[in-house]
Amino acid sequence: MTLNVKAQKRNKGHPVLHVTGRLDAEAVPVCEAAIRPWLQPSTQVLILNLSGLEYICSLGLRMLMQTRQALAARHARLLMTNLQPQILRVFELAAMLSKTEVFDSVESADIFLEALENKIRLTDSDVDD
C-alpha cells in the first residue's frame, strides 16, 4: 500500500493531516511534501492522525522528529493521534515519545489543547491583575 496524506482544515481547531499506508523510505519525500505547507509561522499546532499508518521506517521516524523540532523551535506543537500498536511500539523502542505528543484520538488532542489554552489565558489574566 502506498502512502496517502489528506489534510482536514477544520472550522474550529487545528489542522489535521490523515496519514494512511506505509511510511517507508520511498514514501518519506511524499510525506515531507504534504507536511511542508503546514510548517508556516501561522501554524501553531499540527495534528497527525496516524490511524491508517501501517508501517514506519527509521527515515520516517527521523522526518517526523525533524517536523516536531521545526515546530518546537518556534514554540509550536506536533501532536500525533490514533497510533496503531505496531507504530506506537516503534516510537517506544526509539524512545521518541513524550506524554504531550501522543493521544488516543483527535478529540483527545483537542481537549488537551483547549485545557492548555485555558491555562495560558488564566496565567495571562493573573499577570494583568
# chains A, B, ... in the order shown; residues from 1 in each chain; ligands from 1

$ select_by_dssp --residues "segment 2-110 of chain A" --states "helix (DSSP H, G or I)" --output "PyMOL selection string"
chain A and resi 28-39+58-72+85-93+106-110

$ select_by_dssp --residues "chain A" --states "strand (DSSP E)" --output "ChimeraX atom specification"
/A:4-8,16-23,45-56,77-81,102-103

$ residues_around --residues "Glu107 of chain A" --least-positions-apart "6" --cutoff "12 Å" --atoms "only C-alpha atoms" --output "list of chain:residue names"
A:Lys12, A:Gly13, A:His14, A:Val16, A:Ile47, A:Asn49, A:Leu79, A:Met80, A:Thr81, A:Asn82, A:Leu113, A:Glu114

$ write_last_selection --atoms "all heavy atoms" --output "CSV table (one decimal), in the first residue's frame"
chain,number,residue,atom,x,y,z
A,12,LYS,N,-13.2,24.9,13.4
A,12,LYS,CA,-12.8,25.2,14.8
A,12,LYS,C,-11.7,24.2,15.1
A,12,LYS,O,-11.8,23.0,14.9
A,12,LYS,CB,-13.9,24.9,15.8
A,12,LYS,CG,-13.6,25.2,17.2
A,12,LYS,CD,-14.7,24.9,18.1
A,12,LYS,CE,-14.3,25.1,19.6
A,12,LYS,NZ,-15.4,24.7,20.5
A,13,GLY,N,-10.6,24.7,15.6
A,13,GLY,CA,-9.5,23.8,15.9
A,13,GLY,C,-8.3,23.9,14.9
A,13,GLY,O,-8.3,24.7,14.0
A,14,HIS,N,-7.4,23.0,15.1
A,14,HIS,CA,-6.2,23.0,14.4
A,14,HIS,C,-6.2,22.0,13.2
A,14,HIS,O,-7.0,21.0,13.2
A,14,HIS,CB,-5.0,22.6,15.3
A,14,HIS,CG,-5.0,23.6,16.5
A,14,HIS,ND1,-4.4,24.8,16.4
A,14,HIS,CD2,-5.4,23.4,17.8
A,14,HIS,CE1,-4.5,25.4,17.6
A,14,HIS,NE2,-5.1,24.6,18.4
A,16,VAL,N,-5.7,18.9,10.7
A,16,VAL,CA,-5.4,17.5,10.9
A,16,VAL,C,-4.9,16.9,9.6
A,16,VAL,O,-5.6,17.1,8.6
A,16,VAL,CB,-6.6,16.7,11.5
A,16,VAL,CG1,-6.3,15.2,11.6
A,16,VAL,CG2,-7.1,17.3,12.8
A,47,ILE,N,-1.8,18.5,13.9
A,47,ILE,CA,-2.2,17.2,14.4
A,47,ILE,C,-2.0,16.1,13.2
A,47,ILE,O,-2.6,16.3,12.2
A,47,ILE,CB,-3.6,17.2,14.9
A,47,ILE,CG1,-3.7,18.2,16.0
A,47,ILE,CG2,-4.1,15.8,15.4
A,47,ILE,CD1,-5.2,18.5,16.5
A,49,ASN,N,-3.1,12.5,12.3
A,49,ASN,CA,-3.9,11.3,12.6
A,49,ASN,C,-3.3,10.1,11.9
A,49,ASN,O,-3.3,10.0,10.7
A,49,ASN,CB,-5.4,11.5,12.2
A,49,ASN,CG,-6.3,10.4,12.5
A,49,ASN,OD1,-5.8,9.2,12.8
A,49,ASN,ND2,-7.6,10.6,12.5
A,79,LEU,N,1.3,17.1,17.3
A,79,LEU,CA,0.6,16.1,18.1
A,79,LEU,C,0.2,15.0,17.1
A,79,LEU,O,-0.1,15.2,16.0
A,79,LEU,CB,-0.7,16.7,18.7
A,79,LEU,CG,-0.6,17.9,19.5
A,79,LEU,CD1,-2.0,18.4,20.0
A,79,LEU,CD2,0.4,17.8,20.6
A,80,MET,N,0.4,13.7,17.7
A,80,MET,CA,0.1,12.5,16.9
A,80,MET,C,-1.0,11.8,17.6
A,80,MET,O,-1.0,11.7,18.8
A,80,MET,CB,1.3,11.7,16.8
A,80,MET,CG,2.4,12.3,15.9
A,80,MET,SD,3.9,11.4,15.8
A,80,MET,CE,4.7,11.8,17.4
A,81,THR,N,-2.0,11.3,16.8
A,81,THR,CA,-3.2,10.6,17.4
A,81,THR,C,-3.4,9.3,16.7
A,81,THR,O,-2.9,9.0,15.6
A,81,THR,CB,-4.5,11.4,17.2
A,81,THR,OG1,-4.8,11.5,15.8
A,81,THR,CG2,-4.3,12.9,17.8
A,82,ASN,N,-4.1,8.4,17.4
A,82,ASN,CA,-4.6,7.1,16.8
A,82,ASN,C,-3.4,6.2,16.3
A,82,ASN,O,-3.6,5.6,15.3
A,82,ASN,CB,-5.6,7.4,15.7
A,82,ASN,CG,-6.8,8.2,16.2
A,82,ASN,OD1,-7.4,7.7,17.1
A,82,ASN,ND2,-7.0,9.3,15.6
A,113,LEU,N,-5.5,20.6,24.1
A,113,LEU,CA,-5.2,21.9,23.6
A,113,LEU,C,-6.1,23.0,24.2
A,113,LEU,O,-5.7,24.1,24.5
A,113,LEU,CB,-5.3,22.0,22.0
A,113,LEU,CG,-4.2,21.2,21.3
A,113,LEU,CD1,-4.5,21.0,19.9
A,113,LEU,CD2,-2.8,21.8,21.6
A,114,GLU,N,-7.4,22.6,24.3
A,114,GLU,CA,-8.3,23.6,25.0
A,114,GLU,C,-7.9,23.8,26.4
A,114,GLU,O,-7.9,25.0,26.9
A,114,GLU,CB,-9.8,23.1,24.9
A,114,GLU,CG,-10.8,24.0,25.4
A,114,GLU,CD,-12.2,23.5,25.2
A,114,GLU,OE1,-12.5,22.7,24.3
A,114,GLU,OE2,-13.1,23.9,26.0

$ residues_around --residues "Arg22 of chain A" --least-positions-apart "4" --cutoff "6 Å" --atoms "only C-alpha atoms" --output "PyMOL selection string"
chain A and resi 2-3+54-55

$ write_last_selection --atoms "all heavy atoms" --output "compact mmCIF listing (two decimals), in the first residue's frame"
# COMPACT_ATOMS: atom_id res chain seq x y z
N THR A 2 0.54 2.21 -0.80
CA THR A 2 1.29 3.45 -0.87
C THR A 2 0.85 4.39 0.24
O THR A 2 -0.17 4.18 0.89
CB THR A 2 1.07 4.14 -2.23
OG1 THR A 2 -0.32 4.41 -2.37
CG2 THR A 2 1.56 3.27 -3.37
N LEU A 3 1.62 5.44 0.43
CA LEU A 3 1.30 6.43 1.45
C LEU A 3 0.32 7.46 0.89
O LEU A 3 0.43 7.87 -0.25
CB LEU A 3 2.58 7.14 1.91
CG LEU A 3 2.36 8.11 3.06
CD1 LEU A 3 2.25 7.34 4.36
CD2 LEU A 3 3.49 9.12 3.14
N GLU A 54 0.33 1.97 8.64
CA GLU A 54 0.58 0.55 8.89
C GLU A 54 2.04 0.24 9.22
O GLU A 54 2.33 -0.76 9.87
CB GLU A 54 0.16 -0.26 7.66
CG GLU A 54 -1.30 -0.12 7.32
CD GLU A 54 -1.64 -0.73 5.97
OE1 GLU A 54 -0.74 -1.28 5.30
OE2 GLU A 54 -2.81 -0.65 5.59
N TYR A 55 2.95 1.09 8.73
CA TYR A 55 4.38 0.81 8.87
C TYR A 55 5.12 2.13 8.86
O TYR A 55 4.73 3.08 8.17
CB TYR A 55 4.86 -0.06 7.69
CG TYR A 55 6.34 -0.22 7.60
CD1 TYR A 55 7.00 -1.18 8.36
CD2 TYR A 55 7.10 0.59 6.78
CE1 TYR A 55 8.38 -1.34 8.29
CE2 TYR A 55 8.47 0.45 6.69
CZ TYR A 55 9.11 -0.51 7.45
OH TYR A 55 10.47 -0.65 7.37

$ atom_distance --atom1 "atom CA of Pro15 of chain A" --atom2 "atom CA of Leu97 of chain A"
21.0 Å

$ closest_residue --among "A:Leu93, A:Ser51, A:Pro85, A:Val19" --to "Leu64 of chain A" --atoms "only C-alpha atoms"
A:Val19

$ atom_distance --atom1 "atom CA of Ala33 of chain A" --atom2 "atom CA of Arg68 of chain A"
15.1 Å

$ closest_residue --among "A:Gln44, A:Ile35, A:Gln66, A:Leu53" --to "Leu88 of chain A" --atoms "only C-alpha atoms"
A:Leu53

$ closest_residue --among "A:Leu78, A:Ala34, A:Met96, A:Leu39" --to "Arg62 of chain A" --atoms "only C-alpha atoms"
A:Met96

$ closest_residue --among "A:Leu116, A:Ala109, A:Ala94, A:Ala7" --to "Met65 of chain A" --atoms "only C-alpha atoms"
A:Ala94

$ closest_residue --among "A:Leu23, A:Gln86, A:Cys31, A:Glu101" --to "Val45 of chain A" --atoms "only C-alpha atoms"
A:Glu101

$ residues_around --residues "Ala27 of chain A" --least-positions-apart "6" --cutoff "10 Å" --atoms "only C-alpha atoms" --output "VMD selection string"
chain A and resid 2 to 4 21 56 to 57 59 to 60
